[in-house]
Structure formats: structure tokens, C-alpha cells
>>> print(open('my_file15.csv').read())   # CSV, C-alpha atoms
chain,number,residue,atom,x,y,z
F,66,MET,CA,12.8,36.5,11.1
F,67,ASN,CA,11.0,33.9,13.1
F,68,PHE,CA,12.6,30.4,12.5
F,69,ARG,CA,9.2,28.8,12.0
F,70,ILE,CA,8.2,31.3,9.4
F,71,ILE,CA,11.4,30.6,7.4
F,72,LEU,CA,10.6,26.9,7.6
F,73,VAL,CA,7.0,27.5,6.4
F,74,VAL,CA,8.2,29.5,3.4
F,75,ILE,CA,10.8,26.8,2.5
F,76,PHE,CA,8.2,24.1,2.9
F,77,ILE,CA,5.6,25.9,0.8
F,78,PHE,CA,8.2,26.5,-2.0
F,79,LEU,CA,9.3,22.9,-2.1
F,80,PHE,CA,5.7,21.6,-1.8
F,81,ALA,CA,4.6,23.9,-4.7
F,82,SER,CA,7.5,22.8,-6.9
F,83,ALA,CA,6.8,19.1,-6.2
F,84,MET,CA,3.1,19.5,-6.8
F,85,GLY,CA,3.7,21.5,-10.0
F,86,ALA,CA,5.9,18.8,-11.4
F,87,MET,CA,3.4,16.1,-10.4
F,88,ASN,CA,0.5,18.1,-11.9
F,89,PHE,CA,2.5,18.6,-15.2
F,90,ILE,CA,2.8,14.8,-15.5
F,91,SER,CA,-0.7,14.0,-14.3
F,92,ALA,CA,-2.3,16.6,-16.6
F,93,LYS,CA,-1.1,14.5,-19.5
F,94,GLY,CA,-2.1,11.1,-18.1
F,95,LEU,CA,-4.8,9.0,-16.6
F,96,THR,CA,-5.2,7.5,-13.2
F,97,LEU,CA,-5.0,3.7,-13.0
F,98,ASP,CA,-8.8,3.6,-12.3
F,99,GLU,CA,-9.5,5.7,-15.4
F,100,ALA,CA,-7.3,3.6,-17.6
F,101,TYR,CA,-8.8,0.4,-16.3
F,102,LYS,CA,-12.4,1.7,-17.0
F,103,ASN,CA,-11.3,2.7,-20.5
F,104,GLY,CA,-9.9,-0.8,-21.1
F,105,ASP,CA,-6.4,0.7,-21.7
F,106,VAL,CA,-4.5,-1.3,-19.1
F,107,GLU,CA,-3.7,-4.9,-18.2
F,108,ILE,CA,-2.7,-5.7,-14.6
F,109,ILE,CA,-1.2,-9.1,-13.8
F,110,GLN,CA,0.2,-10.5,-10.6
F,111,GLN,CA,3.6,-12.1,-11.4
F,112,THR,CA,4.7,-13.6,-8.1
F,113,THR,CA,3.6,-16.8,-6.2
F,114,ALA,CA,2.0,-16.9,-2.8
F,115,GLY,CA,4.3,-16.1,0.1
F,116,THR,CA,6.3,-13.5,-1.8
F,117,ILE,CA,6.9,-10.1,0.1
F,118,PRO,CA,6.4,-7.8,-1.6
F,119,HIS,CA,4.6,-9.1,-4.6
F,120,SER,CA,5.3,-7.9,-8.1
F,121,ILE,CA,2.6,-6.6,-10.3
F,122,THR,CA,3.0,-5.9,-14.1
F,123,ILE,CA,1.0,-3.0,-15.5
F,124,THR,CA,0.8,-2.8,-19.3
F,125,ASN,CA,-0.4,0.5,-20.9
F,126,ASN,CA,-2.2,-0.3,-24.1
F,127,GLY,CA,-3.7,3.2,-24.4
F,128,GLU,CA,-2.4,6.5,-25.9
F,129,ASN,CA,-2.0,8.4,-22.6
F,130,PRO,CA,0.5,7.9,-19.7
F,131,ILE,CA,-1.0,6.2,-16.6
F,132,ASN,CA,-0.1,7.7,-13.3
F,133,ILE,CA,0.3,4.9,-10.7
F,134,GLU,CA,-0.4,6.1,-7.2
F,135,LYS,CA,1.0,4.5,-4.1
F,136,GLY,CA,-1.9,3.0,-2.1
F,137,SER,CA,-3.9,2.0,-5.2
F,138,MET,CA,-6.0,-1.1,-4.5
F,139,LEU,CA,-6.2,-4.1,-6.8
F,140,THR,CA,-8.8,-6.8,-6.5
F,141,SER,CA,-9.3,-10.2,-8.0
F,142,LYS,CA,-11.8,-13.0,-8.0
F,143,SER,CA,-9.1,-15.6,-8.3
F,144,SER,CA,-6.4,-14.2,-6.1
F,145,GLN,CA,-5.5,-12.0,-3.1
F,146,ASP,CA,-6.4,-8.3,-3.1
F,147,MET,CA,-3.3,-6.1,-3.3
F,148,VAL,CA,-2.2,-2.5,-2.6
F,149,ILE,CA,0.5,-0.9,-4.7
F,150,ALA,CA,3.6,0.3,-2.8
F,151,ARG,CA,5.2,2.9,-5.1
F,152,ASP,CA,4.3,5.9,-7.2
F,153,ASP,CA,5.2,5.7,-10.9
F,154,VAL,CA,4.2,6.5,-14.4
F,155,VAL,CA,3.6,4.0,-17.2
F,156,LEU,CA,4.1,5.5,-20.6
F,157,SER,CA,1.9,4.7,-23.6
F,158,GLY,CA,2.8,1.2,-25.0
F,159,ALA,CA,5.1,0.5,-22.1
F,160,LYS,CA,5.1,-2.2,-19.4
F,161,LEU,CA,6.1,-1.6,-15.8
F,162,THR,CA,6.5,-3.8,-12.7
F,163,VAL,CA,5.6,-2.3,-9.3
F,164,PRO,CA,5.8,-3.8,-5.8
F,165,ALA,CA,2.5,-4.5,-3.9
F,166,TYR,CA,1.4,-5.9,-0.5
F,167,CYS,CA,-1.3,-8.3,0.3
F,168,ILE,CA,-4.5,-7.1,2.1
F,169,GLU,CA,-6.0,-10.4,3.4
F,170,PRO,CA,-3.8,-12.7,5.4
F,171,GLY,CA,-6.4,-15.5,5.2
F,172,GLU,CA,-6.6,-15.5,1.4
F,173,LYS,CA,-3.9,-17.0,-0.8
F,174,SER,CA,-2.5,-15.2,-3.8
F,175,ALA,CA,-2.2,-16.8,-7.2
F,176,ASP,CA,0.5,-15.8,-9.8
F,177,LYS,CA,-0.6,-14.8,-13.3
F,178,SER,CA,-4.0,-13.6,-12.0
F,179,LYS,CA,-5.6,-10.7,-13.6
F,180,LEU,CA,-6.2,-7.8,-11.2
F,181,LYS,CA,-8.8,-5.0,-11.3
F,182,ALA,CA,-8.1,-1.3,-10.3
F,183,ALA,CA,-10.3,-0.5,-7.3
F,184,GLY,CA,-9.5,3.0,-6.0
F,185,LEU,CA,-7.3,3.9,-3.1
F,186,ALA,CA,-6.7,2.1,0.2
F,187,PRO,CA,-7.7,3.8,3.5
F,188,GLN,CA,-5.3,6.6,4.6
F,189,VAL,CA,-3.8,4.6,7.5
F,190,ILE,CA,-2.6,1.8,5.2
F,191,ILE,CA,-1.2,4.4,2.7
F,192,ASP,CA,0.7,6.1,5.6
F,193,ILE,CA,2.1,2.7,6.7
F,194,ILE,CA,3.3,2.0,3.2
F,195,SER,CA,4.7,5.5,2.8
F,196,THR,CA,7.1,5.0,5.7
F,197,SER,CA,8.7,1.8,4.3
F,198,ASN,CA,11.0,0.9,1.5
F,199,PRO,CA,9.6,-2.2,-0.3
F,200,ALA,CA,13.1,-2.9,-1.8
F,201,GLN,CA,14.4,-3.5,1.7
F,202,GLN,CA,13.3,-7.0,2.7
F,203,SER,CA,13.0,-6.5,6.5
F,204,GLU,CA,11.1,-3.3,6.0
F,205,ALA,CA,8.8,-4.9,3.5
F,206,PHE,CA,8.1,-7.8,5.8
F,207,ASN,CA,7.3,-5.4,8.7
F,208,THR,CA,5.0,-3.4,6.5
F,209,GLN,CA,3.2,-6.5,5.3
F,210,ILE,CA,2.7,-7.6,8.9
F,211,LYS,CA,1.3,-4.2,9.9
F,212,ILE,CA,-1.2,-4.3,7.1
F,213,TRP,CA,-2.3,-7.8,8.3
F,214,ALA,CA,-2.5,-6.5,11.9
F,215,ILE,CA,-5.1,-4.1,10.6
F,216,THR,CA,-7.0,-6.3,8.2
F,217,GLY,CA,-6.7,-9.7,9.9
F,218,GLY,CA,-9.1,-8.9,12.8
F,219,GLU,CA,-9.3,-10.5,16.2
F,220,ASP,CA,-9.8,-14.1,14.7
F,221,PHE,CA,-6.7,-14.0,12.5
F,222,ASN,CA,-5.5,-17.5,11.7
F,223,VAL,CA,-1.8,-17.8,11.0
F,224,TYR,CA,-2.2,-21.3,9.6
F,225,THR,CA,-4.2,-20.3,6.5
F,226,GLY,CA,-3.9,-18.4,3.2
F,227,GLU,CA,-1.1,-16.0,2.5
F,228,SER,CA,0.3,-16.1,6.1
F,229,LEU,CA,0.8,-19.9,5.7
F,230,ALA,CA,2.5,-19.4,2.3
F,231,VAL,CA,4.8,-16.8,3.9
F,232,SER,CA,5.8,-19.3,6.6
F,233,GLN,CA,6.5,-21.9,4.0
F,234,GLU,CA,8.2,-19.8,1.4
F,235,GLN,CA,10.2,-17.5,3.7
F,236,GLY,CA,11.1,-20.1,6.3
F,237,ILE,CA,9.5,-18.1,9.1
F,238,SER,CA,8.0,-20.0,11.9
F,239,PHE,CA,4.3,-19.6,12.9
F,240,TYR,CA,5.5,-18.5,16.3
F,241,ASP,CA,7.6,-15.7,14.8
F,242,ILE,CA,4.7,-14.5,12.6
F,243,LYS,CA,2.4,-14.4,15.6
F,244,GLN,CA,5.0,-12.5,17.6
F,245,ASN,CA,5.6,-10.0,14.8
F,246,MET,CA,1.8,-9.6,14.4
F,247,SER,CA,1.5,-8.8,18.1
F,248,ASN,CA,4.3,-6.3,17.9
F,249,ALA,CA,2.9,-4.7,14.8
F,250,LYS,CA,-0.5,-4.4,16.4
F,251,ILE,CA,1.0,-2.4,19.3
F,252,GLU,CA,3.0,-0.2,16.8
F,253,VAL,CA,-0.2,0.6,14.8
F,254,MET,CA,-2.2,1.2,18.0
F,255,THR,CA,0.4,3.6,19.3
F,256,LYS,CA,1.0,5.5,16.0
F,257,PHE,CA,-2.7,6.0,15.2
F,258,ASN,CA,-4.1,6.2,18.7
F,259,PHE,CA,-6.3,3.1,18.3
F,260,THR,CA,-7.7,1.2,21.3
F,261,GLU,CA,-7.3,-2.5,21.5
F,262,ASN,CA,-11.1,-2.9,21.0
F,263,GLN,CA,-10.9,-0.7,17.8
F,264,MET,CA,-8.0,-2.8,16.5
F,265,ASN,CA,-9.9,-6.0,17.1
F,266,ASN,CA,-12.9,-4.8,15.2
F,267,ILE,CA,-11.2,-2.9,12.3
F,268,ASN,CA,-11.6,-4.1,8.7
F,269,ILE,CA,-10.6,-2.6,5.4
F,270,ASN,CA,-13.9,-0.7,5.1
F,271,SER,CA,-13.7,0.9,8.6
F,272,PRO,CA,-14.1,4.7,8.5
F,273,LEU,CA,-11.5,4.8,11.4
F,274,LEU,CA,-8.8,3.9,8.9
F,275,ASN,CA,-9.1,7.2,7.1
F,276,LYS,CA,-7.3,9.2,9.8
F,277,SER,CA,-3.8,10.2,9.0
F,278,ASP,CA,-0.5,10.5,10.7
F,279,SER,CA,1.5,11.6,7.7
F,280,ILE,CA,4.6,13.8,8.0
F,281,PHE,CA,2.6,16.7,6.5
F,282,ASN,CA,0.0,16.6,9.2
F,283,GLN,CA,2.7,16.3,11.9
F,284,PHE,CA,4.5,19.4,10.4
F,285,PHE,CA,1.4,21.5,10.3
F,286,SER,CA,0.5,20.5,13.8
F,287,TRP,CA,3.9,21.5,15.0
F,288,ILE,CA,3.5,25.0,13.3
>>> encode(input="my_file15.csv", output="C-alpha cells")
Amino acid sequence: MNFRIILVVIFIFLFASAMGAMNFISAKGLTLDEAYKNGDVEIIQQTTAGTIPHSITITNNGENPINIEKGSMLTSKSSQDMVIARDDVVLSGAKLTVPAYCIEPGEKSADKSKLKAAGLAPQVIIDIISTSNPAQQSEAFNTQIKIWAITGGEDFNVYTGESLAVSQEQGISFYDIKQNMSNAKIEVMTKFNFTENQMNNININSPLLNKSDSIFNQFFSWI
């Protein structure tokens, strides 16, 4: 039997099993957006400016489990916008802490701020988060810098907002942050085939960010 056919069969079986398990859980629960609209959830930022990754506490006050999806966006009028970095489930009456990355390098986050569920981040940001372990400090830092390389724009100012707080709290020089931003920009351009002009003009709402370079797409392209 053709080697690729065997791989396809194995992949389909594993994918179907995983999706079945996820659907079983999801069928009994709500998305974070649904729970927020129902008034069943409280989302609070627990960490101070300059933390990587940030910690977000999600309290389920409803009767149904809440399915937390990696890449879920959280917004606030008093703090930095965030993107959740891990899939999880919050059972009824339970409280869960999840890691999250900042979206806007020029804005400063504020601990104890209430956050609002705001859908999913663009696919490119989800792909970047999916290839990193937020529990590993160096990986978390690199992931945060890549997100800023996308959302910071051409006029990114390292001396303001969350990037300033990271320098102060983490003991990282402005030069090193700038150098890491430059390297991250090149990595993102290479991985997602962006031109320098596109990178300079991208923002969180750019349609260009909904292209994907996930392992699933790479696998199917290879087949």
C-alpha cells in the first residue's frame, strides 16, 4: 500500500477521534463569547504590566461548562487587549487561570481589570501562539515579540506602553527589544510570505492576517 495513503488513513482516524472528544465536551458547554453574552462569566486580568505571559482568571458563574479556545480575544477600556494562549474548559462554578499575550505594545496593561470576550484573533496570530509553549519563558517572550511585530506597525515605539513595562520588569534593554522585534519581523515575513511593505502596514484588523500556515495545511499540501 502507498505510504502516503497509510499516513492519510492514520491522520483521519486520529483527527476524527480528537474531534469527537472535543465535540463531546463542546456539545455540553458554551463558548467564551456565549457565556459572556449570557452574563455567566467574569474575566479578570491578574498580572501587572510587563508580565509575559499574563495570567487571566475566568470564573464560570453559569450552569454550563465554558470551552476556552486558544486565540480568544479579550478587550478592555481600562487595560491592554489580550489573546488567550491555551485551550481549556471551565466547569460550572469553577475558576480557572489561563495564560494570555498582549496585543498592543504601545498600550499598558493594568492588573485587576475586567476583560470582555471579543471573538477570535486572526489566524496568523493563532498559528504563532499554537507553535509556542507559554510555560517556557524564552518561548513566551519570543511569541509576545512576534505578536508585537505584527500589531506594532512601522511606527512602533519601544519606549511606551507594555514594551516599556517589559523592559523595566524583565530587565531587558531597549536595544535588545528592538533587535528581537527586528528578528521576529523577519521570521513572520518568512513564515507567512509577507512583504516588508505588508508588514509595515498590517494591523489587527488586516484581512491578510487570516491566512494560515498551520501543520494541518502543510500536511494536506504535502499530500
>>> atom_distance(input="my_file15.csv", atom1="atom CA of F:Phe239", atom2="atom CA of F:Val223")
6.6 Å
>>> residues_around(input="my_file15.csv", residues="F:Asp105", least_positions_apart="6", cutoff="8 Å", atoms="all atoms listed in the file", output="PyMOL selection string")
chain F and resi 125-127
>>> write_last_selection(input="my_file15.csv", atoms="C-alpha atoms", output="CSV table (one decimal), keeping the file's coordinate frame")
chain,number,residue,atom,x,y,z
F,125,ASN,CA,-0.4,0.5,-20.9
F,126,ASN,CA,-2.2,-0.3,-24.1
F,127,GLY,CA,-3.7,3.2,-24.4
>>> closest_residue(input="my_file15.csv", among="F:Pro272, F:Gly94, F:Gly136, F:Gly184", to="F:Arg151", atoms="only C-alpha atoms")
F:Gly136
>>> closest_residue(input="my_file15.csv", among="F:Pro164, F:Gly171, F:Gly226, F:Pro130", to="F:Ala114", atoms="only C-alpha atoms")
F:Gly226
>>> closest_residue(input="my_file15.csv", among="F:Ile194, F:Met246, F:Ile133, F:Ile149", to="F:Phe221", atoms="only C-alpha atoms")
F:Met246
>>> atom_distance(input="my_file15.csv", atom1="atom CA of F:Thr225", atom2="atom CA of F:Asn258")
29.2 Å
>>> residues_around(input="my_file15.csv", residues="F:Asn275", least_positions_apart="3", cutoff="10 Å", atoms="only C-alpha atoms", output="PDB file with C-alpha atoms, keeping the file's coordinate frame")
ATOM      1  CA  ALA F 186      -6.700   2.100   0.200  1.00  0.00           C
ATOM      2  CA  PRO F 187      -7.700   3.800   3.500  1.00  0.00           C
ATOM      3  CA  GLN F 188      -5.300   6.600   4.600  1.00  0.00           C
ATOM      4  CA  VAL F 189      -3.800   4.600   7.500  1.00  0.00           C
ATOM      5  CA  ILE F 190      -2.600   1.800   5.200  1.00  0.00           C
ATOM      6  CA  ILE F 191      -1.200   4.400   2.700  1.00  0.00           C
ATOM      7  CA  ASP F 192       0.700   6.100   5.600  1.00  0.00           C
ATOM      8  CA  ASN F 270     -13.900  -0.700   5.100  1.00  0.00           C
ATOM      9  CA  SER F 271     -13.700   0.900   8.600  1.00  0.00           C
ATOM     10  CA  PRO F 272     -14.100   4.700   8.500  1.00  0.00           C
ATOM     11  CA  ASP F 278      -0.500  10.500  10.700  1.00  0.00           C
TER      12      ASP F 278
END
>>> atom_distance(input="my_file15.csv", atom1="atom CA of F:Ile215", atom2="atom CA of F:Asp176")
24.2 Å
>>> closest_residue(input="my_file15.csv", among="F:Ile168, F:Ile237, F:Ala183, F:Ala200", to="F:Asn268", atoms="all atoms listed in the file")
F:Ile168
>>> residues_around(input="my_file15.csv", residues="F:Ile242", least_positions_apart="5", cutoff="10 Å", atoms="only C-alpha atoms", output="list in words")
Ile210, Val223, Ser228, Leu229, Val231, Ser232, Ile237, Ser247 and Asn248 of chain F
>>> write_last_selection(input="my_file15.csv", atoms="C-alpha atoms", output="PDB file, in the coordinates of the input")
ATOM      1  CA  ILE F 210       2.700  -7.600   8.900  1.00  0.00           C
ATOM      2  CA  VAL F 223      -1.800 -17.800  11.000  1.00  0.00           C
ATOM      3  CA  SER F 228       0.300 -16.100   6.100  1.00  0.00           C
ATOM      4  CA  LEU F 229       0.800 -19.900   5.700  1.00  0.00           C
ATOM      5  CA  VAL F 231       4.800 -16.800   3.900  1.00  0.00           C
ATOM      6  CA  SER F 232       5.800 -19.300   6.600  1.00  0.00           C
ATOM      7  CA  ILE F 237       9.500 -18.100   9.100  1.00  0.00           C
ATOM      8  CA  SER F 247       1.500  -8.800  18.100  1.00  0.00           C
ATOM      9  CA  ASN F 248       4.300  -6.300  17.900  1.00  0.00           C
TER      10      ASN F 248
END
>>> closest_residue(input="my_file15.csv", among="F:Lys177, F:Lys102, F:Lys135, F:Lys93", to="F:Pro199", atoms="all atoms listed in the file")
F:Lys135
>>> closest_atom_pairs(input="my_file15.csv", of="stretch 143-200 of chain F", to="stretch 110-113 of chain F", cutoff="10 Å", atoms="only C-alpha atoms", output="tab-separated table")
residue	atom	partner	partner_atom	distance
F:Ser144	CA	F:Gln110	CA	8.8
F:Gln145	CA	F:Gln110	CA	9.5
F:Met147	CA	F:Gln110	CA	9.2
F:Thr162	CA	F:Gln111	CA	8.9
F:Val163	CA	F:Gln110	CA	9.9
F:Pro164	CA	F:Gln110	CA	10.0
F:Ala165	CA	F:Gln110	CA	9.3
F:Lys173	CA	F:Thr113	CA	9.2
F:Ser174	CA	F:Thr113	CA	6.7
F:Ala175	CA	F:Thr113	CA	5.9
F:Asp176	CA	F:Thr113	CA	4.9
F:Lys177	CA	F:Gln110	CA	5.1
F:Ser178	CA	F:Gln110	CA	5.4
F:Lys179	CA	F:Gln110	CA	6.5
F:Leu180	CA	F:Gln110	CA	7.0
>>> closest_residue(input="my_file15.csv", among="F:Ile121, F:Val148, F:Val154, F:Cys167", to="F:Glu227", atoms="all atoms listed in the file")
F:Cys167
>>> residues_around(input="my_file15.csv", residues="F:Gly218", least_positions_apart="5", cutoff="7 Å", atoms="all atoms listed in the file", output="list in words")
Asn265, Asn266, Ile267 and Asn268 of chain F
>>> decode(input="my_file15.csv", residues="stretch 190-223 of chain F", atoms="N, CA and C atoms", output="compact mmCIF listing (two decimals), in the first residue's frame")
# COMPACT_ATOMS: atom_id res chain seq x y z
N ILE F 190 -2.08 35.07 14.01
CA ILE F 190 -1.72 35.18 15.42
C ILE F 190 -2.00 33.86 16.15
N ILE F 191 -3.10 33.20 15.80
CA ILE F 191 -3.40 31.90 16.41
C ILE F 191 -2.32 30.88 16.06
N ASP F 192 -1.87 30.89 14.80
CA ASP F 192 -0.81 29.96 14.39
C ASP F 192 0.49 30.22 15.15
N ILE F 193 0.82 31.49 15.36
CA ILE F 193 2.03 31.83 16.11
C ILE F 193 1.93 31.34 17.55
N ILE F 194 0.78 31.55 18.17
CA ILE F 194 0.57 31.10 19.55
C ILE F 194 0.63 29.57 19.64
N SER F 195 0.09 28.89 18.63
CA SER F 195 -0.01 27.44 18.65
C SER F 195 1.34 26.74 18.57
N THR F 196 2.37 27.44 18.09
CA THR F 196 3.69 26.81 17.95
C THR F 196 4.60 27.14 19.14
N SER F 197 4.02 27.68 20.21
CA SER F 197 4.83 28.08 21.35
C SER F 197 4.25 27.55 22.65
N ASN F 198 5.13 27.33 23.62
CA ASN F 198 4.72 26.88 24.94
C ASN F 198 4.77 28.08 25.91
N PRO F 199 3.61 28.60 26.34
CA PRO F 199 3.62 29.78 27.21
C PRO F 199 4.24 29.53 28.58
N ALA F 200 4.40 28.25 28.95
CA ALA F 200 5.01 27.93 30.24
C ALA F 200 6.54 28.02 30.19
N GLN F 201 7.09 28.09 28.97
CA GLN F 201 8.54 28.20 28.78
C GLN F 201 8.87 29.67 28.53
N GLN F 202 9.62 30.29 29.43
CA GLN F 202 9.77 31.74 29.42
C GLN F 202 10.35 32.30 28.12
N SER F 203 11.39 31.67 27.59
CA SER F 203 12.01 32.20 26.37
C SER F 203 11.05 32.08 25.18
N GLU F 204 10.30 30.97 25.12
CA GLU F 204 9.32 30.80 24.05
C GLU F 204 8.20 31.82 24.18
N ALA F 205 7.76 32.06 25.41
CA ALA F 205 6.69 33.03 25.64
C ALA F 205 7.14 34.42 25.22
N PHE F 206 8.36 34.78 25.55
CA PHE F 206 8.89 36.09 25.17
C PHE F 206 8.95 36.23 23.65
N ASN F 207 9.46 35.21 22.97
CA ASN F 207 9.54 35.25 21.51
C ASN F 207 8.16 35.35 20.87
N THR F 208 7.20 34.64 21.43
CA THR F 208 5.83 34.70 20.91
C THR F 208 5.25 36.10 21.08
N GLN F 209 5.47 36.68 22.26
CA GLN F 209 4.97 38.04 22.51
C GLN F 209 5.58 39.04 21.52
N ILE F 210 6.87 38.91 21.27
CA ILE F 210 7.56 39.82 20.35
C ILE F 210 7.03 39.65 18.92
N LYS F 211 6.74 38.41 18.52
CA LYS F 211 6.19 38.18 17.17
C LYS F 211 4.81 38.82 17.02
N ILE F 212 4.00 38.72 18.07
CA ILE F 212 2.68 39.36 18.02
C ILE F 212 2.85 40.88 17.88
N TRP F 213 3.78 41.44 18.64
CA TRP F 213 4.04 42.89 18.54
C TRP F 213 4.60 43.27 17.18
N ALA F 214 5.39 42.39 16.58
CA ALA F 214 5.94 42.67 15.25
C ALA F 214 4.81 42.83 14.23
N ILE F 215 3.70 42.12 14.48
CA ILE F 215 2.54 42.20 13.58
C ILE F 215 1.68 43.41 13.91
N THR F 216 1.43 43.63 15.19
CA THR F 216 0.46 44.66 15.57
C THR F 216 1.08 46.03 15.84
N GLY F 217 2.41 46.07 16.00
CA GLY F 217 3.06 47.33 16.36
C GLY F 217 3.15 48.34 15.24
N GLY F 218 3.19 47.84 13.98
CA GLY F 218 3.25 48.74 12.84
C GLY F 218 4.63 49.34 12.63
N GLU F 219 4.74 50.12 11.57
CA GLU F 219 6.03 50.71 11.18
C GLU F 219 6.52 51.72 12.21
N ASP F 220 5.60 52.38 12.91
CA ASP F 220 5.96 53.44 13.86
C ASP F 220 6.02 52.95 15.30
N PHE F 221 6.26 51.66 15.49
CA PHE F 221 6.34 51.09 16.83
C PHE F 221 7.36 51.85 17.69
N ASN F 222 6.93 52.25 18.89
CA ASN F 222 7.78 52.99 19.83
C ASN F 222 8.07 52.12 21.04
N VAL F 223 9.30 51.68 21.17
CA VAL F 223 9.69 50.76 22.22
C VAL F 223 9.66 51.42 23.61
